[in-house]
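To keep things clear, I will list the structure first and then write my remarks on it.
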Amino acid sequence: MPDDLEKPSGQSLVRKLATILSADVAEFSRLMGEDEEQTLRTFRGHKQVFESLVEGHRGRIFNTAGDAILAEFASAVEAVRCATDIQAALRTRNDQLPPNRQVRFRIGINLGDVMLHGHDLLGDGVNVAARLQTAAEPGGICISGSVHDQITNKLSLSYQSLGEMSFKNIQVPVRTFSITHAQGLGDLPSPKPRGAGGRSAKWVAAGLLLLVLLAGGAYWASTARERTRAEHAGAIATATPPVATPPQAPAASQPEPKAAAPPPSQSTAKTAPSPRPSNPHVDSPAVATVAASSRSSVRYDGVYSGKICYAETRKLPERCYQAKGTISGSKISGQWRMGPEKKMSVVLAGDVAKSGDVKIQIVQRDPDIPRPGTINLTGTLHGDLIDASGSFLNGRPATLNWHKDSGASH
């Protein structure tokens, strides 16, 4: 133990149990390297919000260094409430910035024994919180098992267990959880589970992929053999001339009738192979015209519903929700509200071609966010199913898979 931690009077160090919140900015060096002044302005604004929320939840900031912030709370519940409020408030501020200029905090929270050193706190209780913060995704929160035990059934949160994680310079593995959803605040970025379980899952996935590849190879080889046989048989049939059937000899008891020899043209017509009889239901030009006209006038009118999904990214989890729209003639439209308080309005509009090609645009407007979110989708309508895919303007993939509601008119 360093000598400067000892009190001059020789008294023992003061210890206490505290909940420590550790936070720092993800990719801070890159942000500073690209634009120092803008990064510092954004960071200072974020830090003011951070400090205000810590104070509002009866915590105190006891140390800062560069982009790192350490705060102490007497209650694990208040610490986690503060962390979720911080991420929600900073997400609203970051949404007004380009994706590559957003300043996102990673937060780790631990409940443990700490030592007082003036106004500062030291010890494993602080170190574990700092390590948990490195395991969190930008904009996310990781907590230790000791915090999880204290807040279970006290807060409306969803968690994902990351198992027992080993951190640098921490002697004992730490039970680690990621907060994936906070009621009223929405989803939070969460890392994938690590450790032995993750490695097993990777081996299982690799095994399944190998089986799929082997099955696909066998199917392709079988298909290729069948195709080769069919082509070979077709070539033989094309190369072999047709064999004329000899006329049947008349019966001995019946004299052959004498008749004038037919003209050469008629004799040739009899010996030539007969043309394939036409099928009036297929070959008739009038029927073909009616069928084509019928196909071109197919209408898809009706109500369609199903899932709209936003793909998982490095910073955001996958998200799906139910929605519906109406096709009338060559247009598709829909409108609904979403979010915890149904504040976000969503408008869908697009075109449906006679061929079944579909173009859709979805615009999301949130009163708390100045810039609307826009998704452009393209796809097809086949049978009673709409399959379309596209992306947000920031590149996040999105898909739409709808089916026609039963009882809808054709």
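Here, A, B, ... name the chains of the structure tokens in the order displayed, residue numbers run from 1 inside each chain, and ligands are numbered from 1 in the same displayed order.
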Counting only C-alpha atoms, what is within 8 Å of Val126 (chain A), bar same-chain residues fewer than 5 positions away, as a tab-separated table (two decimals) with N, CA and C atoms, in the first residue's frame?
chain	number	residue	atom	x	y	z
A	20	ILE	N	-20.10	2.38	-7.79
A	20	ILE	CA	-19.23	3.22	-8.62
A	20	ILE	C	-19.70	3.15	-10.07
A	22	SER	N	-18.48	4.22	-13.80
A	22	SER	CA	-17.32	4.63	-14.59
A	22	SER	C	-17.75	4.80	-16.04
A	110	ASN	N	-20.37	-0.89	-10.74
A	110	ASN	CA	-20.01	-1.97	-9.82
A	110	ASN	C	-20.33	-1.56	-8.38
A	112	GLY	N	-19.05	-2.33	-4.69
A	112	GLY	CA	-17.93	-2.99	-4.03
A	112	GLY	C	-17.31	-2.13	-2.95
A	114	VAL	N	-14.56	0.17	-1.25
A	114	VAL	CA	-13.64	1.18	-1.74
A	114	VAL	C	-12.94	1.84	-0.55
A	121	LEU	N	-11.76	8.13	-4.44
A	121	LEU	CA	-12.02	6.75	-4.02
A	121	LEU	C	-11.07	5.84	-4.78
Who sits within 12 Å of Leu53 (chain A), only C-alpha atoms, same chain under 3 positions skipped, as a PyMOL selection string: chain A and resi 46-50+56-61+71+78-90
Would you save the residues from that selection as an mmCIF file, in the first residue's frame, using N, CA and C atoms?
data_model
loop_
_atom_site.group_PDB
_atom_site.id
_atom_site.type_symbol
_atom_site.label_atom_id
_atom_site.label_comp_id
_atom_site.auth_asym_id
_atom_site.auth_seq_id
_atom_site.Cartn_x
_atom_site.Cartn_y
_atom_site.Cartn_z
ATOM 1 N N HIS A 46 -22.120 17.353 -23.611
ATOM 2 C CA HIS A 46 -22.515 16.052 -23.054
ATOM 3 C C HIS A 46 -22.166 15.966 -21.573
ATOM 4 N N LYS A 47 -20.986 16.495 -21.216
ATOM 5 C CA LYS A 47 -20.533 16.396 -19.828
ATOM 6 C C LYS A 47 -21.441 17.189 -18.892
ATOM 7 N N GLN A 48 -21.931 18.326 -19.346
ATOM 8 C CA GLN A 48 -22.858 19.115 -18.528
ATOM 9 C C GLN A 48 -24.138 18.329 -18.252
ATOM 10 N N VAL A 49 -24.659 17.660 -19.288
ATOM 11 C CA VAL A 49 -25.852 16.821 -19.097
ATOM 12 C C VAL A 49 -25.526 15.692 -18.122
ATOM 13 N N PHE A 50 -24.364 15.068 -18.299
ATOM 14 C CA PHE A 50 -23.917 13.968 -17.441
ATOM 15 C C PHE A 50 -23.882 14.418 -15.976
ATOM 16 N N GLY A 56 -28.793 14.977 -9.956
ATOM 17 C CA GLY A 56 -30.223 14.736 -9.789
ATOM 18 C C GLY A 56 -30.532 13.381 -9.184
ATOM 19 N N HIS A 57 -29.636 12.411 -9.330
ATOM 20 C CA HIS A 57 -29.823 11.081 -8.755
ATOM 21 C C HIS A 57 -29.019 10.903 -7.459
ATOM 22 N N ARG A 58 -28.661 12.018 -6.826
ATOM 23 C CA ARG A 58 -28.002 12.021 -5.526
ATOM 24 C C ARG A 58 -26.655 11.287 -5.539
ATOM 25 N N GLY A 59 -25.930 11.485 -6.630
ATOM 26 C CA GLY A 59 -24.572 10.960 -6.709
ATOM 27 C C GLY A 59 -23.573 12.097 -6.710
ATOM 28 N N ARG A 60 -22.295 11.777 -6.758
ATOM 29 C CA ARG A 60 -21.253 12.814 -6.849
ATOM 30 C C ARG A 60 -20.129 12.318 -7.753
ATOM 31 N N ILE A 61 -19.596 13.232 -8.540
ATOM 32 C CA ILE A 61 -18.443 12.919 -9.381
ATOM 33 C C ILE A 61 -17.188 13.158 -8.557
ATOM 34 N N ALA A 71 -18.121 8.413 -10.853
ATOM 35 C CA ALA A 71 -19.144 8.933 -9.950
ATOM 36 C C ALA A 71 -19.465 7.897 -8.882
ATOM 37 N N GLU A 78 -30.200 3.845 -7.767
ATOM 38 C CA GLU A 78 -30.049 5.211 -8.274
ATOM 39 C C GLU A 78 -28.934 5.291 -9.314
ATOM 40 N N ALA A 79 -27.868 4.537 -9.111
ATOM 41 C CA ALA A 79 -26.762 4.557 -10.070
ATOM 42 C C ALA A 79 -27.217 4.052 -11.441
ATOM 43 N N VAL A 80 -27.983 2.956 -11.459
ATOM 44 C CA VAL A 80 -28.445 2.397 -12.735
ATOM 45 C C VAL A 80 -29.492 3.312 -13.369
ATOM 46 N N ARG A 81 -30.385 3.870 -12.547
ATOM 47 C CA ARG A 81 -31.348 4.832 -13.100
ATOM 48 C C ARG A 81 -30.627 6.010 -13.753
ATOM 49 N N CYS A 82 -29.612 6.500 -13.073
ATOM 50 C CA CYS A 82 -28.844 7.619 -13.614
ATOM 51 C C CYS A 82 -28.185 7.227 -14.936
ATOM 52 N N ALA A 83 -27.604 6.034 -15.013
ATOM 53 C CA ALA A 83 -26.914 5.591 -16.232
ATOM 54 C C ALA A 83 -27.870 5.495 -17.414
ATOM 55 N N THR A 84 -29.061 4.923 -17.210
ATOM 56 C CA THR A 84 -30.022 4.804 -18.313
ATOM 57 C C THR A 84 -30.520 6.180 -18.748
ATOM 58 N N ASP A 85 -30.718 7.094 -17.793
ATOM 59 C CA ASP A 85 -31.139 8.457 -18.152
ATOM 60 C C ASP A 85 -30.045 9.175 -18.934
ATOM 61 N N ILE A 86 -28.790 8.962 -18.534
ATOM 62 C CA ILE A 86 -27.677 9.586 -19.258
ATOM 63 C C ILE A 86 -27.635 9.112 -20.705
ATOM 64 N N GLN A 87 -27.723 7.796 -20.913
ATOM 65 C CA GLN A 87 -27.639 7.269 -22.285
ATOM 66 C C GLN A 87 -28.815 7.734 -23.131
ATOM 67 N N ALA A 88 -30.003 7.827 -22.530
ATOM 68 C CA ALA A 88 -31.166 8.296 -23.292
ATOM 69 C C ALA A 88 -31.006 9.766 -23.676
ATOM 70 N N ALA A 89 -30.548 10.596 -22.740
ATOM 71 C CA ALA A 89 -30.385 12.026 -23.021
ATOM 72 C C ALA A 89 -29.286 12.272 -24.053
ATOM 73 N N LEU A 90 -28.174 11.557 -23.932
ATOM 74 C CA LEU A 90 -27.078 11.749 -24.883
ATOM 75 C C LEU A 90 -27.408 11.181 -26.254
#
Nearest candidate to Glu312 (chain A) (options A:Asp366, A:Glu226, A:Asp187, A:Asp405; using only C-alpha atoms): A:Asp187
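Among the candidates A:Asp351, A:Leu155, A:Arg175, A:Gly45, the one nearest to Ile109 (chain A) when counting only C-alpha atoms is A:Arg175.
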Counting only C-alpha atoms, which of A:Phe73, A:Phe167, A:Trp220, A:Phe28 gets nearest to Pro138 (chain A)? A:Phe28
Neighbour list for region 356-364 of chain A as a count of residues only, cut-off 6 Å, only C-alpha atoms, skip fewer than 3 positions in-chain: 19
